[in-house]
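Colleague: The structure file coords35.tsv (TSV, C-alpha atoms) is provided below.
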```
chain	number	residue	atom	x	y	z
M	29	MET	CA	-101.82	76.70	30.10
M	30	GLN	CA	-103.73	79.39	31.93
M	31	THR	CA	-107.11	80.51	30.63
M	32	ARG	CA	-107.85	84.21	30.29
M	33	PRO	CA	-110.28	85.45	32.94
M	34	PRO	CA	-113.63	86.68	31.59
M	35	ARG	CA	-113.76	90.32	30.55
M	36	ARG	CA	-115.56	92.52	33.07
M	37	LEU	CA	-118.60	94.03	31.38
M	38	ARG	CA	-120.75	96.98	32.33
M	39	VAL	CA	-124.33	95.77	31.83
M	40	ALA	CA	-127.50	97.88	31.95
M	41	PHE	CA	-130.95	96.31	32.30
M	42	VAL	CA	-134.00	98.40	31.36
M	43	GLU	CA	-137.11	97.19	33.20
M	44	PHE	CA	-139.88	99.79	33.40
M	45	THR	CA	-142.03	97.94	35.93
M	46	PRO	CA	-140.42	97.44	39.36
M	47	SER	CA	-142.38	94.30	40.25
M	48	GLY	CA	-143.70	91.09	38.76
M	49	GLY	CA	-142.11	88.19	36.94
M	50	LEU	CA	-140.11	90.10	34.31
M	51	PHE	CA	-138.61	92.41	36.93
M	52	GLN	CA	-137.81	89.49	39.22
M	53	PHE	CA	-136.06	87.67	36.38
M	54	SER	CA	-133.98	90.73	35.47
M	55	ALA	CA	-133.07	91.44	39.09
M	56	GLN	CA	-131.94	87.87	39.78
M	57	LEU	CA	-129.99	87.63	36.52
M	58	GLY	CA	-128.40	91.03	37.20
M	59	GLU	CA	-127.34	89.89	40.66
M	60	ALA	CA	-125.82	86.71	39.20
M	61	LEU	CA	-123.88	88.66	36.58
M	62	ALA	CA	-122.51	90.90	39.35
M	63	VAL	CA	-121.48	87.85	41.39
M	64	GLY	CA	-119.67	86.62	38.29
M	65	GLY	CA	-117.65	89.83	38.07
M	66	ASP	CA	-119.65	92.25	35.94
M	67	GLU	CA	-120.80	95.75	36.89
M	68	VAL	CA	-124.58	95.75	36.57
M	69	HIS	CA	-127.17	98.56	36.66
M	70	LEU	CA	-130.93	97.96	36.64
M	71	LEU	CA	-132.97	100.98	35.55
M	72	THR	CA	-136.53	100.59	36.81
M	73	GLY	CA	-139.50	102.31	38.45
M	74	ALA	CA	-140.05	103.51	41.99
M	75	ASP	CA	-140.11	101.18	45.01
M	76	PRO	CA	-138.64	98.05	43.36
M	77	GLU	CA	-139.71	94.88	45.14
M	78	LEU	CA	-136.21	93.39	44.96
M	79	GLY	CA	-133.02	95.19	45.88
M	80	SER	CA	-129.34	94.43	45.60
M	81	GLY	CA	-127.28	92.06	47.71
M	82	HIS	CA	-124.01	92.63	45.84
M	83	PRO	CA	-121.88	95.79	45.69
M	84	ASP	CA	-121.57	95.58	41.88
M	85	PHE	CA	-125.33	95.32	41.33
M	86	HIS	CA	-127.06	98.70	41.38
M	87	VAL	CA	-130.87	98.97	41.29
M	88	ARG	CA	-131.73	102.47	40.09
M	89	PRO	CA	-135.43	103.46	40.56
M	90	VAL	CA	-135.30	106.39	38.11
M	91	LEU	CA	-138.22	105.60	35.78
M	92	ARG	CA	-141.93	106.39	35.92
M	93	SER	CA	-144.18	103.38	35.65
M	94	TRP	CA	-147.34	101.61	36.78
M	95	HIS	CA	-148.02	98.07	37.86
M	96	PRO	CA	-148.75	95.68	34.95
M	97	ALA	CA	-151.60	94.13	36.93
M	98	ASP	CA	-153.32	97.50	37.37
M	99	GLN	CA	-156.47	96.44	35.53
M	100	GLU	CA	-159.22	98.00	37.65
M	101	VAL	CA	-162.43	98.83	35.82
M	102	VAL	CA	-162.81	102.58	35.33
M	103	HIS	CA	-165.10	104.91	33.40
M	104	PRO	CA	-164.18	105.17	29.69
M	105	VAL	CA	-163.38	108.88	30.06
M	106	VAL	CA	-161.10	108.15	33.01
M	107	ARG	CA	-159.47	105.34	31.06
M	108	LYS	CA	-158.77	107.67	28.14
M	109	VAL	CA	-157.25	110.31	30.42
M	110	ARG	CA	-155.21	107.67	32.22
M	111	ARG	CA	-153.91	106.38	28.91
M	112	GLY	CA	-152.65	109.84	28.07
M	113	VAL	CA	-151.02	110.22	31.47
M	114	ARG	CA	-149.31	106.86	31.13
M	115	ALA	CA	-148.06	107.73	27.66
M	116	GLY	CA	-146.46	110.82	29.17
M	117	MET	CA	-144.92	108.73	31.94
M	118	ARG	CA	-143.52	106.32	29.36
M	119	ALA	CA	-142.04	109.14	27.28
M	120	TYR	CA	-140.43	110.67	30.39
M	121	SER	CA	-139.03	107.26	31.33
M	122	TRP	CA	-137.47	106.80	27.91
M	123	LEU	CA	-135.79	110.19	28.25
M	124	GLN	CA	-134.42	109.03	31.58
M	125	VAL	CA	-133.23	105.79	29.98
M	126	LEU	CA	-131.31	107.74	27.34
M	127	VAL	CA	-129.81	110.12	29.91
M	128	HIS	CA	-128.67	107.34	32.25
M	129	LEU	CA	-127.35	105.10	29.48
M	130	ARG	CA	-125.33	107.99	28.08
M	131	ARG	CA	-123.78	108.51	31.52
M	132	LEU	CA	-123.16	104.81	32.13
M	133	ARG	CA	-121.82	103.98	28.66
M	134	PRO	CA	-122.56	100.27	29.16
M	135	ASP	CA	-121.02	97.51	27.10
M	136	VAL	CA	-124.38	95.74	27.02
M	137	VAL	CA	-128.05	96.83	27.30
M	138	VAL	CA	-130.71	94.23	28.14
M	139	TRP	CA	-134.50	94.51	27.76
M	140	SER	CA	-137.22	91.95	28.52
M	141	SER	CA	-140.21	93.29	26.57
M	142	TRP	CA	-141.43	96.08	24.32
M	143	ARG	CA	-145.15	96.88	24.26
M	144	PHE	CA	-145.52	100.11	22.33
M	145	THR	CA	-144.28	101.91	19.23
M	146	MET	CA	-142.57	104.29	21.64
M	147	ASP	CA	-140.55	101.38	23.05
M	148	ALA	CA	-139.31	100.33	19.63
M	149	LEU	CA	-138.35	103.91	18.81
M	150	GLY	CA	-136.55	104.14	22.14
M	151	VAL	CA	-134.53	101.01	21.34
M	152	LEU	CA	-133.52	102.50	17.97
M	153	ALA	CA	-132.50	105.72	19.74
M	154	VAL	CA	-130.28	103.73	22.10
M	155	ASP	CA	-128.75	101.98	19.09
M	156	ARG	CA	-127.78	105.39	17.68
M	157	LEU	CA	-126.69	106.77	21.05
M	158	LEU	CA	-124.45	103.81	21.96
M	159	PRO	CA	-123.03	102.44	18.69
M	160	ARG	CA	-120.44	100.32	20.52
M	161	ALA	CA	-122.87	98.70	22.99
M	162	ALA	CA	-124.33	95.25	22.36
M	163	LEU	CA	-128.15	95.40	22.47
M	164	THR	CA	-130.00	92.32	23.71
M	165	ILE	CA	-133.42	91.13	24.82
M	166	VAL	CA	-134.58	88.24	26.98
M	167	ALA	CA	-137.66	87.37	24.95
M	168	HIS	CA	-140.02	85.84	27.51
M	169	GLU	CA	-142.84	86.19	24.97
M	170	PRO	CA	-141.57	86.37	21.38
M	171	ARG	CA	-144.94	87.61	20.09
M	172	LEU	CA	-146.53	90.80	21.34
M	173	ARG	CA	-149.99	90.12	22.76
M	174	ARG	CA	-152.81	92.54	23.51
M	175	ARG	CA	-152.96	93.55	27.18
M	176	GLY	CA	-156.72	93.02	27.42
M	177	ASP	CA	-156.78	89.90	25.24
M	178	THR	CA	-153.68	87.73	25.59
M	179	THR	CA	-154.95	85.28	22.97
M	180	THR	CA	-154.56	87.90	20.19
M	181	ASP	CA	-151.44	89.46	18.69
M	182	LYS	CA	-151.05	93.19	19.02
M	183	ARG	CA	-150.54	94.58	15.52
M	184	GLY	CA	-150.44	97.88	13.66
M	185	VAL	CA	-148.64	99.24	10.61
M	186	LEU	CA	-146.34	101.60	12.54
M	187	LEU	CA	-145.96	99.22	15.48
M	188	ASP	CA	-145.01	96.29	13.23
M	189	ARG	CA	-142.50	98.37	11.28
M	190	THR	CA	-140.75	99.86	14.30
M	191	LEU	CA	-140.72	96.58	16.23
M	192	ALA	CA	-139.16	94.81	13.25
M	193	ALA	CA	-136.42	97.45	13.17
M	194	ALA	CA	-135.83	97.10	16.92
M	195	TRP	CA	-135.49	93.33	16.59
M	196	ARG	CA	-133.02	93.76	13.72
M	197	ALA	CA	-130.93	95.94	16.03
M	198	MET	CA	-130.50	93.09	18.53
M	199	ASP	CA	-126.97	91.72	18.73
M	200	ALA	CA	-128.25	88.74	20.74
M	201	VAL	CA	-131.64	87.35	21.77
M	202	PHE	CA	-132.12	85.07	24.76
M	203	VAL	CA	-135.12	82.75	24.97
M	204	LEU	CA	-136.28	80.17	27.49
M	205	GLY	CA	-136.74	77.19	25.19
M	206	ALA	CA	-136.31	75.75	21.71
M	207	GLU	CA	-139.89	76.45	20.64
M	208	ALA	CA	-139.53	80.09	21.69
M	209	ARG	CA	-136.36	80.28	19.60
M	210	ASP	CA	-138.28	78.99	16.58
M	211	ARG	CA	-141.00	81.61	17.15
M	212	VAL	CA	-138.43	84.42	17.23
M	213	LEU	CA	-136.82	83.23	14.02
M	214	GLU	CA	-140.21	82.88	12.32
M	215	ARG	CA	-141.49	86.30	13.35
M	216	TRP	CA	-138.39	88.51	13.59
M	217	GLU	CA	-134.93	88.96	12.07
M	218	PRO	CA	-132.45	89.76	14.86
M	219	SER	CA	-128.93	90.50	13.67
M	220	GLY	CA	-127.34	88.25	16.30
M	221	PRO	CA	-127.81	84.70	17.57
M	222	VAL	CA	-130.93	83.45	19.34
M	223	VAL	CA	-129.66	81.60	22.42
M	224	VAL	CA	-131.63	79.30	24.72
M	225	VAL	CA	-130.98	79.84	28.44
M	226	PRO	CA	-132.58	78.28	31.54
M	227	HIS	CA	-135.10	80.32	33.49
M	228	GLY	CA	-133.27	80.26	36.82
M	229	ASP	CA	-134.77	79.70	40.25
M	230	GLU	CA	-136.94	82.05	42.32
M	231	ALA	CA	-134.81	82.04	45.47
M	232	ALA	CA	-135.40	85.77	45.90
M	233	LEU	CA	-139.02	84.92	46.82
M	234	ARG	CA	-138.30	82.17	49.36
M	235	GLY	CA	-138.10	84.44	52.39
M	236	PRO	CA	-136.21	83.72	55.62
M	237	GLU	CA	-138.53	81.09	57.09
M	238	PRO	CA	-138.14	77.35	56.33
M	239	VAL	CA	-140.71	75.88	53.95
M	240	PRO	CA	-142.28	72.53	54.94
M	241	PRO	CA	-141.75	69.69	52.46
M	242	ALA	CA	-144.60	68.82	50.14
M	243	ALA	CA	-145.05	65.45	51.87
M	244	SER	CA	-146.07	67.15	55.12
M	245	THR	CA	-148.78	69.40	53.68
M	246	PRO	CA	-152.53	68.78	53.45
M	247	PRO	CA	-154.00	67.95	50.00
M	248	VAL	CA	-153.95	71.50	48.57
M	249	VAL	CA	-153.68	72.48	44.90
M	250	LEU	CA	-152.31	75.94	44.10
M	251	PHE	CA	-152.75	77.88	40.89
M	252	PHE	CA	-150.42	80.91	41.03
M	253	GLY	CA	-150.07	83.71	38.52
M	254	SER	CA	-152.03	86.28	36.56
M	255	TRP	CA	-155.57	85.37	35.58
M	256	THR	CA	-155.30	85.40	31.80
M	257	ALA	CA	-157.29	83.56	29.17
M	258	TYR	CA	-154.40	81.41	27.98
M	259	LYS	CA	-153.63	79.97	31.42
M	260	GLY	CA	-156.57	77.58	31.49
M	261	ILE	CA	-158.07	78.47	34.87
M	262	ALA	CA	-161.51	77.38	33.65
M	263	THR	CA	-160.09	73.93	32.89
M	264	LEU	CA	-158.85	73.68	36.48
M	265	LEU	CA	-162.25	74.73	37.84
M	266	ASP	CA	-163.95	72.11	35.65
M	267	ALA	CA	-161.62	69.49	37.12
M	268	VAL	CA	-162.47	70.29	40.75
M	269	PRO	CA	-165.62	68.09	41.11
M	270	MET	CA	-163.64	65.10	39.82
M	271	ILE	CA	-160.79	65.88	42.23
M	272	ARG	CA	-163.17	66.11	45.18
M	273	HIS	CA	-164.83	62.85	44.23
M	274	GLU	CA	-161.50	61.06	44.72
M	275	VAL	CA	-160.03	63.28	47.48
M	276	PRO	CA	-162.97	64.75	49.42
M	277	ASP	CA	-160.83	66.93	51.67
M	278	ALA	CA	-158.84	68.48	48.79
M	279	ARG	CA	-158.62	72.27	48.62
M	280	VAL	CA	-157.92	74.33	45.50
M	281	VAL	CA	-156.55	77.87	45.72
M	282	VAL	CA	-156.34	80.28	42.77
M	283	ALA	CA	-154.16	83.32	43.48
M	284	GLY	CA	-152.98	86.10	41.19
M	285	ALA	CA	-153.64	89.41	39.53
M	286	VAL	CA	-156.74	89.70	37.36
M	287	ALA	CA	-155.83	90.38	33.73
M	288	ASP	CA	-157.97	89.55	30.69
M	289	VAL	CA	-160.62	87.24	32.17
M	290	ASP	CA	-164.17	87.99	33.26
M	291	ALA	CA	-163.40	88.21	36.96
M	292	ALA	CA	-167.04	88.09	38.06
M	293	ALA	CA	-167.77	84.98	35.98
M	294	LEU	CA	-164.59	83.27	37.17
M	295	GLN	CA	-165.39	84.06	40.81
M	296	ALA	CA	-168.92	82.71	40.38
M	297	HIS	CA	-167.59	79.52	38.81
M	298	ALA	CA	-165.05	79.15	41.62
M	299	GLU	CA	-167.74	79.58	44.28
M	300	ARG	CA	-169.94	76.93	42.64
M	301	VAL	CA	-167.19	74.31	42.87
M	302	GLY	CA	-165.81	75.47	46.21
M	303	VAL	CA	-162.48	76.95	45.08
M	304	GLU	CA	-160.75	79.60	47.19
M	305	THR	CA	-159.74	82.66	45.21
M	306	ARG	CA	-157.26	85.38	45.99
M	307	PRO	CA	-157.58	88.01	43.25
M	308	GLY	CA	-154.90	90.70	43.07
M	309	TYR	CA	-151.14	90.87	42.74
M	310	VAL	CA	-149.46	88.72	45.39
M	311	PRO	CA	-146.72	90.66	47.22
M	312	LYS	CA	-143.40	88.86	47.30
M	313	ASP	CA	-143.55	88.46	51.08
M	314	ASP	CA	-146.75	86.39	50.75
M	315	VAL	CA	-145.49	83.98	48.11
M	316	ALA	CA	-143.70	81.58	50.46
M	317	ALA	CA	-146.80	81.03	52.59
M	318	LEU	CA	-148.95	80.19	49.55
M	319	PHE	CA	-146.48	77.62	48.24
M	320	GLY	CA	-145.68	76.32	51.70
M	321	ASP	CA	-149.37	75.44	52.21
M	322	ALA	CA	-149.66	73.58	48.89
M	323	ARG	CA	-148.83	69.98	48.05
M	324	VAL	CA	-148.95	70.41	44.27
M	325	VAL	CA	-148.98	73.32	41.81
M	326	ALA	CA	-151.35	73.27	38.82
M	327	ILE	CA	-150.21	74.75	35.50
M	328	PRO	CA	-153.16	74.11	33.16
M	329	TYR	CA	-152.04	76.49	30.39
M	330	ARG	CA	-153.70	76.44	26.98
M	331	ARG	CA	-150.57	77.91	25.39
M	332	ALA	CA	-147.21	79.10	26.67
M	333	THR	CA	-143.59	79.70	25.81
M	334	GLN	CA	-142.16	78.86	29.22
M	335	SER	CA	-143.46	79.16	32.78
M	336	GLY	CA	-141.69	80.85	35.65
M	337	VAL	CA	-144.29	79.23	37.90
M	338	VAL	CA	-142.74	75.80	37.24
M	339	HIS	CA	-139.41	77.13	38.48
M	340	LEU	CA	-141.14	78.84	41.39
M	341	ALA	CA	-142.76	75.52	42.37
M	342	TYR	CA	-139.41	73.75	42.19
M	343	THR	CA	-137.84	76.52	44.29
M	344	PHE	CA	-140.26	75.55	47.07
M	345	GLY	CA	-139.87	71.81	46.45
M	346	ARG	CA	-143.35	71.41	44.97
M	347	PRO	CA	-144.26	69.05	42.12
M	348	VAL	CA	-146.36	70.33	39.24
M	349	VAL	CA	-149.14	69.04	37.04
M	350	ALA	CA	-148.64	70.93	33.79
M	351	THR	CA	-149.85	70.84	30.21
M	352	THR	CA	-147.79	69.83	27.20
M	353	VAL	CA	-147.63	73.27	25.60
M	354	GLY	CA	-144.70	75.40	24.46
M	355	ASP	CA	-141.41	74.64	26.15
M	356	ILE	CA	-142.96	73.47	29.42
M	357	PRO	CA	-142.26	69.77	28.69
M	358	SER	CA	-138.53	70.61	28.53
M	359	VAL	CA	-138.54	71.54	32.24
M	360	VAL	CA	-141.06	69.02	33.59
M	361	ALA	CA	-139.78	65.45	33.68
M	362	ASP	CA	-143.03	63.47	33.48
M	363	GLY	CA	-143.24	61.09	36.43
M	364	GLU	CA	-140.13	62.53	38.07
M	365	THR	CA	-140.62	66.25	38.85
M	366	GLY	CA	-144.28	66.40	37.92
M	367	ILE	CA	-147.00	65.05	35.67
M	368	LEU	CA	-147.68	66.22	32.11
M	369	VAL	CA	-151.23	66.24	30.71
M	370	PRO	CA	-152.85	67.47	27.48
M	371	PRO	CA	-154.14	71.07	27.47
M	372	GLU	CA	-157.86	71.81	27.91
M	373	ASP	CA	-158.53	68.31	29.28
M	374	PRO	CA	-160.10	68.57	32.76
M	375	VAL	CA	-160.30	64.78	33.15
M	376	ALA	CA	-156.57	64.30	32.56
M	377	LEU	CA	-155.78	67.33	34.74
M	378	ALA	CA	-157.93	65.95	37.58
M	379	ARG	CA	-156.31	62.53	37.27
M	380	GLY	CA	-152.81	64.02	37.52
M	381	LEU	CA	-153.67	66.18	40.49
M	382	VAL	CA	-155.41	63.31	42.31
M	383	THR	CA	-152.29	61.15	41.87
M	384	LEU	CA	-150.26	63.62	43.94
M	385	LEU	CA	-153.01	64.70	46.34
M	386	ALA	CA	-153.65	61.09	47.31
M	387	ASP	CA	-149.96	60.21	47.78
M	388	ALA	CA	-148.08	62.69	49.95
M	389	GLY	CA	-144.89	60.63	49.75
M	390	LEU	CA	-144.90	60.72	45.96
M	391	ALA	CA	-145.53	64.47	46.00
M	392	GLY	CA	-142.59	64.91	48.36
M	393	ARG	CA	-140.24	62.85	46.19
M	394	MET	CA	-141.24	64.67	43.01
M	395	GLY	CA	-140.92	68.05	44.72
M	396	ALA	CA	-137.43	67.19	45.94
M	397	ALA	CA	-136.49	66.00	42.44
M	398	GLY	CA	-137.66	69.31	40.98
M	399	ALA	CA	-135.56	71.26	43.47
M	400	LYS	CA	-132.53	69.08	42.65
M	401	TRP	CA	-132.99	69.58	38.90
M	402	LEU	CA	-133.33	73.33	39.37
M	403	ALA	CA	-130.06	73.55	41.30
M	404	ALA	CA	-128.17	71.40	38.81
M	405	GLU	CA	-129.54	72.59	35.47
M	406	ALA	CA	-131.08	76.04	35.89
M	407	SER	CA	-129.07	77.98	38.46
M	408	TRP	CA	-128.64	81.70	37.99
M	409	ALA	CA	-124.88	81.18	37.85
M	410	ARG	CA	-125.41	78.99	34.79
M	411	VAL	CA	-127.78	81.50	33.16
M	412	ALA	CA	-125.36	84.37	33.84
M	413	ALA	CA	-122.41	82.46	32.39
M	414	VAL	CA	-124.22	81.86	29.08
M	415	VAL	CA	-125.44	85.45	28.91
M	416	HIS	CA	-122.01	86.89	29.75
M	417	ASP	CA	-120.14	84.76	27.22
M	418	THR	CA	-122.63	85.57	24.45
M	419	VAL	CA	-122.72	89.33	25.00
M	420	ASP	CA	-118.95	89.48	25.52
M	421	VAL	CA	-118.44	88.17	22.01
M	422	ARG	CA	-121.11	90.44	20.55
M	423	SER	CA	-119.90	93.61	22.32
M	424	SER	CA	-116.30	92.86	21.23
M	425	ALA	CA	-117.53	92.56	17.65
M	426	ARG	CA	-119.08	96.03	17.88
```
Would you mind writing the file's structure down as structure tokens?

Modeller:
Amino acid sequence: MQTRPPRRLRVAFVEFTPSGGLFQFSAQLGEALAVGGDEVHLLTGADPELGSGHPDFHVRPVLRSWHPADQEVVHPVVRKVRRGVRAGMRAYSWLQVLVHLRRLRPDVVVWSSWRFTMDALGVLAVDRLLPRAALTIVAHEPRLRRRGDTTTDKRGVLLDRTLAAAWRAMDAVFVLGAEARDRVLERWEPSGPVVVVPHGDEAALRGPEPVPPAASTPPVVLFFGSWTAYKGIATLLDAVPMIRHEVPDARVVVAGAVADVDAAALQAHAERVGVETRPGYVPKDDVAALFGDARVVAIPYRRATQSGVVHLAYTFGRPVVATTVGDIPSVVADGETGILVPPEDPVALARGLVTLLADAGLAGRMGAAGAKWLAAEASWARVAAVVHDTVDVRSSAR
């Protein structure tokens, strides 16, 4: 008996920012859906950092946006004016979204985040404009956090009401772990299923040059990602003296865009313990060199849903030392692809990092195991298959 081939879908991703982790996820998932037979369009901002390698994947830089890591300190008056300008850019972008979606008439529309009341209203407008399209979101962070304080929920009467309506309009929600699924169900009431999918690899950031195996690198620890309060950078800095006591020639590098931390205080702390810092968004072409120089990647988060940095480390064959928060333990096999430690425990973090810094062979074996797991369990083809099958059912039901 022959099986029916999958229905070809027209899928539209809406990703306002043309760079960073959310954009990279959408671009790689969109490419995988196109490889699987769908027609995919990614609406985003100018100069996207990833393009298309498949004829059925179309990256359309038609929106107005700004970089999410654009957190430079400015005068309060300038900040107020800039906020107004950005609100205008967002409104213009939503008009462009509506225009392009009306032309495309997609079967499926996919978002990754909503930050403002305007976003929720835009989602509801799309729901009215395209009554036959399945609306979905990949909920990387089920709860909306304040941009300047990622430890606090962003709330407001109008924002809460419109966001709740936008979530109810979702025909399917995709999350990156079981705990994230529970958070969605506790906080929101989507009309469709909440489906767990793997994160996928970060092959788009590998670059053309070969990356040395972890076993051949010097004893270097890398922290990679935005400098936010919940990521536990201070815990890593507190662990450094203990690391150096056991591995005197160890180096620690902290690289990423400055978000909601006191950058001056963090830099001063880093200088006191001899940590190299690289503040600022890391361009995709520089990522491979940072990971290629490291033996182990530190993920000392205080809280999390999931971490793309774990998958990025595995992409480069690097083991991780990560905390037991959120859904991270579901992707770190303790003692096989990395080492799990309690959050906010610099002694345990130092012990885990020293284990891999002092044993290059062990780091190499764990890094290779992480890469193998990523290929077997979290390929983009696998993610795309789950997404396609889910939205196919939901769009048919519409």

Colleague: Report the distance between atom CA of Gly398 of chain M and atom CA of Ala376 of chain M in Å, rounded to one decimal place.

Modeller: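 Distance reported for this atom pair: 21.3 Å.
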
Colleague: Quick one: pull the distance between atom CA of Glu214 of chain M and atom CA of Leu368 of chain M, Å, one decimal.

Modeller: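 Answer for the atom CA of Glu214 of chain M to atom CA of Leu368 of chain M separation: 26.9 Å.
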
Colleague: Just to confirm, what's the straight-line distance from atom CA of Val109 of chain M to atom CA of Phe144 of chain M in Å (one decimal)?

Modeller: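 Computing the Euclidean distance for atom CA of Val109 of chain M and atom CA of Phe144 of chain M yields 17.5 Å.
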
Colleague: Fewer than 6 positions away in the same chain doesn't count, so skip those; otherwise give me all residues within 12 Å of Arg156 of chain M, counting only C-alpha atoms, as a ChimeraX atom specification.

Modeller: /M:126,129-130,149-150,162-163,194,197

Colleague: Could you give me the axis-aligned bounding box of segment 378-391 of chain M, with 5 Å of padding per side, as centre plus edge lengths in Å to one decimal, as lines of an AutoDock Vina configuration file?

Modeller:
```
center_x = -151.4
center_y = 63.2
center_z = 43.6
size_x = 23.0
size_y = 16.0
size_z = 22.7
```

Colleague: Could you name the residues that touch Ala208 of chain M at 12 Å or less, counting only C-alpha atoms, but leaving out those on the same chain fewer than 6 positions away, as a VMD selection string?

Modeller: chain M and resid 166 to 171 201 to 202 214 to 216 222 to 225 331 to 335 353 to 356 358

Colleague: Using all atoms listed in the file, which of the listed residues (M:Pro46, M:Val125, M:Gly220, M:Gly363) sits closest to Val151 of chain M?

Modeller: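 Of all the options, M:Val125 lies closest to Val151 of chain M.
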
Colleague: Contacts of Asp321 of chain M at 8 Å or less, counting all atoms listed in the file, minus same-chain residues fewer than 5 places along, as a list in words?

Modeller: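 Near Asp321 of chain M, the qualifying residues are Thr245, Pro246 and Val248 of chain M.
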
Colleague: Using all atoms listed in the file, which of M:Gly184, M:Gly205, M:Pro374, M:Pro89 sits nearest Gly260 of chain M?

Modeller: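 Comparing M:Gly184, M:Gly205, M:Pro374, M:Pro89 against Gly260 of chain M, the winner is M:Pro374.
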
Colleague: Considering all atoms listed in the file, return as a PyMOL selection string whatever protein or nucleic-acid residues lie within 8 Å of Val42 of chain M, sequence-local ones (same chain, fewer than 2 positions apart) excluded.

Modeller: chain M and resi 40+44+70-72+125+137-140

Colleague: What residues have an atom no more than 10 Å from (-162.3, 74.8, 29.7) in the file's own frame, counting only C-alpha atoms, and can you write them as a list in words?

Modeller: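 Collected hits near the coordinates: Gly260, Ile261, Ala262, Thr263, Leu264, Leu265, Asp266, Ala267, Pro328, Arg330, Pro371, Glu372, Asp373 and Pro374 of chain M.
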
Colleague: When you look at segment 82-87 of chain M with a cut-off of 6 Å (counting only C-alpha atoms), what residues show up, excluding the ones that are within fewer than 4 positions of it in the same chain? I need them as a list in words.

Modeller: Glu59, Ala62, Glu67, Val68, His69 and Leu70 of chain M

Colleague: I need the chosen residues saved as a short mmCIF file (atom, residue, chain, number, x, y, z; two decimals), keeping the file's coordinate frame, with C-alpha atoms.

Modeller:
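The resulting file, part.cif, is shown below:
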```cif
data_model
loop_
_atom_site.label_atom_id
_atom_site.label_comp_id
_atom_site.auth_asym_id
_atom_site.auth_seq_id
_atom_site.Cartn_x
_atom_site.Cartn_y
_atom_site.Cartn_z
CA GLU M 59 -127.34 89.89 40.66
CA ALA M 62 -122.51 90.90 39.35
CA GLU M 67 -120.80 95.75 36.89
CA VAL M 68 -124.58 95.75 36.57
CA HIS M 69 -127.17 98.56 36.66
CA LEU M 70 -130.93 97.96 36.64
#
```

Colleague: Counting only C-alpha atoms, figure out which residue out of M:Phe53, M:Trp195, M:Trp255, M:Tyr342 gets nearest to Gly395 of chain M.

Modeller: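 Of M:Phe53, M:Trp195, M:Trp255, M:Tyr342, the one nearest Gly395 of chain M, counting only C-alpha atoms, is M:Tyr342.
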